[in-house]
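Q: My questions all concern the structure below.
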Amino acid sequence: MDRAQLPLNALRAFEAAARHLNFTRAAIELCVSQGAVSHQVAQLERRLGTRLFHRLPRGLALTDDGQALVPVLADMFDRVGALLDQYMDGRFREVLHIGVVGTFATGWLLHRLGGFERVCPHIDLRVSTNNNRVDIAGEALDFAIRFGDGA
């Protein structure tokens with residue numbers, strides 16, 4: 001499928017309808033008509049060649065294919081939203097995640113964060129504290145500061 005032809009409006013309409021299990025509530029969230037949401041979802045179902053919802057007398061239920069698609073779309077929209085959030089004040093803000101020991105954070109680091117922000121305003125620093133052994137990849141950290149011999 002050509003990326004230029006991705007049905008983004010239809011994917012967004014489906015994702016909202018799947019969260020609400022209701023076209024009307026999805027339409028209110030998206031500031032469009034209920035008919036527009038229904039049309040977009042039907043268009044997506046035709047394009048995929050499968051039903052995404054069971055239409056019930058009082059709402060919707062996801063089909064197996066719909067249930068498989070929802071988490072992928074939710075993750076995609078969350079990731080796009082997080083990236084867009086980095087463009088605060090019209091400029092890109094890089095996010096830097098660090099993990100530190102709690103006593104180091106309160107005894108040394110916190111007092112210096114204001115100065116860091118003045119010198120590096122384009123960096124959104126996220127600090128997490130944990131006194132346990134660190135798993136940089138598992139905790140999605142860019143780096144960690146710990147006491148000890150390095151083991």
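By convention in this document, the chains of the structure tokens carry letters A, B, ... by their order, each chain's residues are numbered from 1, and ligands are numbered from 1 in the order they are shown.
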With DSSP run on the backbone, what are the strand (DSSP E or B) residues within range 31-138 of chain A? I'd like them as an NGL selection string.
A: :A and (53-56 or 59-62 or 94-100 or 123-129)
Q: Atoms to include: N, CA and C atoms. Write the selected residues as an mmCIF file, in the first residue's frame.
A:
```cif
data_model
loop_
_atom_site.group_PDB
_atom_site.id
_atom_site.type_symbol
_atom_site.label_atom_id
_atom_site.label_comp_id
_atom_site.auth_asym_id
_atom_site.auth_seq_id
_atom_site.Cartn_x
_atom_site.Cartn_y
_atom_site.Cartn_z
ATOM 1 N N PHE A 53 -16.184 -4.284 12.659
ATOM 2 C CA PHE A 53 -17.204 -4.221 13.706
ATOM 3 C C PHE A 53 -18.366 -5.130 13.376
ATOM 4 N N HIS A 54 -19.000 -5.629 14.423
ATOM 5 C CA HIS A 54 -20.334 -6.199 14.314
ATOM 6 C C HIS A 54 -21.274 -5.058 14.684
ATOM 7 N N ARG A 55 -22.195 -4.716 13.787
ATOM 8 C CA ARG A 55 -23.167 -3.661 14.091
ATOM 9 C C ARG A 55 -24.301 -4.299 14.879
ATOM 10 N N LEU A 56 -24.504 -3.819 16.100
ATOM 11 C CA LEU A 56 -25.522 -4.362 16.994
ATOM 12 C C LEU A 56 -26.649 -3.349 17.151
ATOM 13 N N GLY A 59 -25.187 -0.365 19.617
ATOM 14 C CA GLY A 59 -23.750 -0.128 19.628
ATOM 15 C C GLY A 59 -22.994 -1.037 18.695
ATOM 16 N N LEU A 60 -21.721 -1.212 19.005
ATOM 17 C CA LEU A 60 -20.811 -1.958 18.161
ATOM 18 C C LEU A 60 -20.041 -2.975 18.986
ATOM 19 N N ALA A 61 -19.555 -3.989 18.318
ATOM 20 C CA ALA A 61 -18.622 -4.943 18.925
ATOM 21 C C ALA A 61 -17.516 -5.176 17.905
ATOM 22 N N LEU A 62 -16.306 -5.242 18.368
ATOM 23 C CA LEU A 62 -15.176 -5.468 17.472
ATOM 24 C C LEU A 62 -15.142 -6.913 17.001
ATOM 25 N N GLU A 94 14.211 17.884 22.235
ATOM 26 C CA GLU A 94 14.658 16.507 22.371
ATOM 27 C C GLU A 94 14.368 16.020 23.782
ATOM 28 N N VAL A 95 13.901 14.787 23.899
ATOM 29 C CA VAL A 95 13.621 14.207 25.206
ATOM 30 C C VAL A 95 14.815 13.360 25.619
ATOM 31 N N LEU A 96 15.277 13.594 26.831
ATOM 32 C CA LEU A 96 16.401 12.858 27.388
ATOM 33 C C LEU A 96 15.926 12.195 28.675
ATOM 34 N N HIS A 97 15.951 10.865 28.697
ATOM 35 C CA HIS A 97 15.505 10.082 29.856
ATOM 36 C C HIS A 97 16.725 9.609 30.630
ATOM 37 N N ILE A 98 16.796 9.978 31.915
ATOM 38 C CA ILE A 98 17.893 9.489 32.754
ATOM 39 C C ILE A 98 17.321 8.825 33.998
ATOM 40 N N GLY A 99 18.034 7.837 34.485
ATOM 41 C CA GLY A 99 17.665 7.153 35.715
ATOM 42 C C GLY A 99 18.758 7.365 36.746
ATOM 43 N N VAL A 100 18.369 7.764 37.929
ATOM 44 C CA VAL A 100 19.354 8.038 38.978
ATOM 45 C C VAL A 100 18.899 7.422 40.293
ATOM 46 N N ILE A 123 16.078 20.732 25.395
ATOM 47 C CA ILE A 123 16.052 19.358 25.907
ATOM 48 C C ILE A 123 15.001 19.251 27.003
ATOM 49 N N ASP A 124 14.101 18.289 26.825
ATOM 50 C CA ASP A 124 13.073 17.983 27.821
ATOM 51 C C ASP A 124 13.617 16.831 28.660
ATOM 52 N N LEU A 125 14.144 17.147 29.834
ATOM 53 C CA LEU A 125 14.790 16.154 30.685
ATOM 54 C C LEU A 125 13.754 15.423 31.519
ATOM 55 N N ARG A 126 13.763 14.107 31.447
ATOM 56 C CA ARG A 126 12.869 13.256 32.238
ATOM 57 C C ARG A 126 13.741 12.434 33.176
ATOM 58 N N VAL A 127 13.543 12.620 34.467
ATOM 59 C CA VAL A 127 14.353 11.939 35.483
ATOM 60 C C VAL A 127 13.486 10.932 36.215
ATOM 61 N N SER A 128 13.975 9.717 36.317
ATOM 62 C CA SER A 128 13.290 8.717 37.136
ATOM 63 C C SER A 128 14.281 8.220 38.181
ATOM 64 N N THR A 129 13.747 7.931 39.357
ATOM 65 C CA THR A 129 14.616 7.452 40.426
ATOM 66 C C THR A 129 14.297 5.997 40.726
#
```
Q: Fewer than 5 positions away in the same chain doesn't count, so skip those; otherwise give me all residues within 9 Å of Ala36 in chain A, counting only C-alpha atoms, as a list of chain:residue names.
A: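 In the requested form, the answer reads A:Ala13, A:Ala27, A:Val41.
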Q: List every residue of chain A that DSSP, applied to the backbone of this structure, places in helix (DSSP H, G or I), and write the result as number ranges by chain.
A: A: 3-5, 8-20, 23-30, 34-48, 64-85, 88-90, 102-119
Q: Could you state the separation of CA of Ala68 in chain A and CA of Arg19 in chain A in Å, given to one decimal place?
A: 13.2 Å
Q: Can you work out the spacing between CA of His39 in chain A and CA of Phe14 in chain A in Å, to one decimal?
A: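 According to the coordinates, CA of His39 in chain A and CA of Phe14 in chain A are separated by 10.2 Å.
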Q: Grab the CA of Phe104 in chain A to CA of Glu139 in chain A distance for me, in Å with one decimal place.
A: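 CA of Phe104 in chain A sits 18.5 Å away from CA of Glu139 in chain A.
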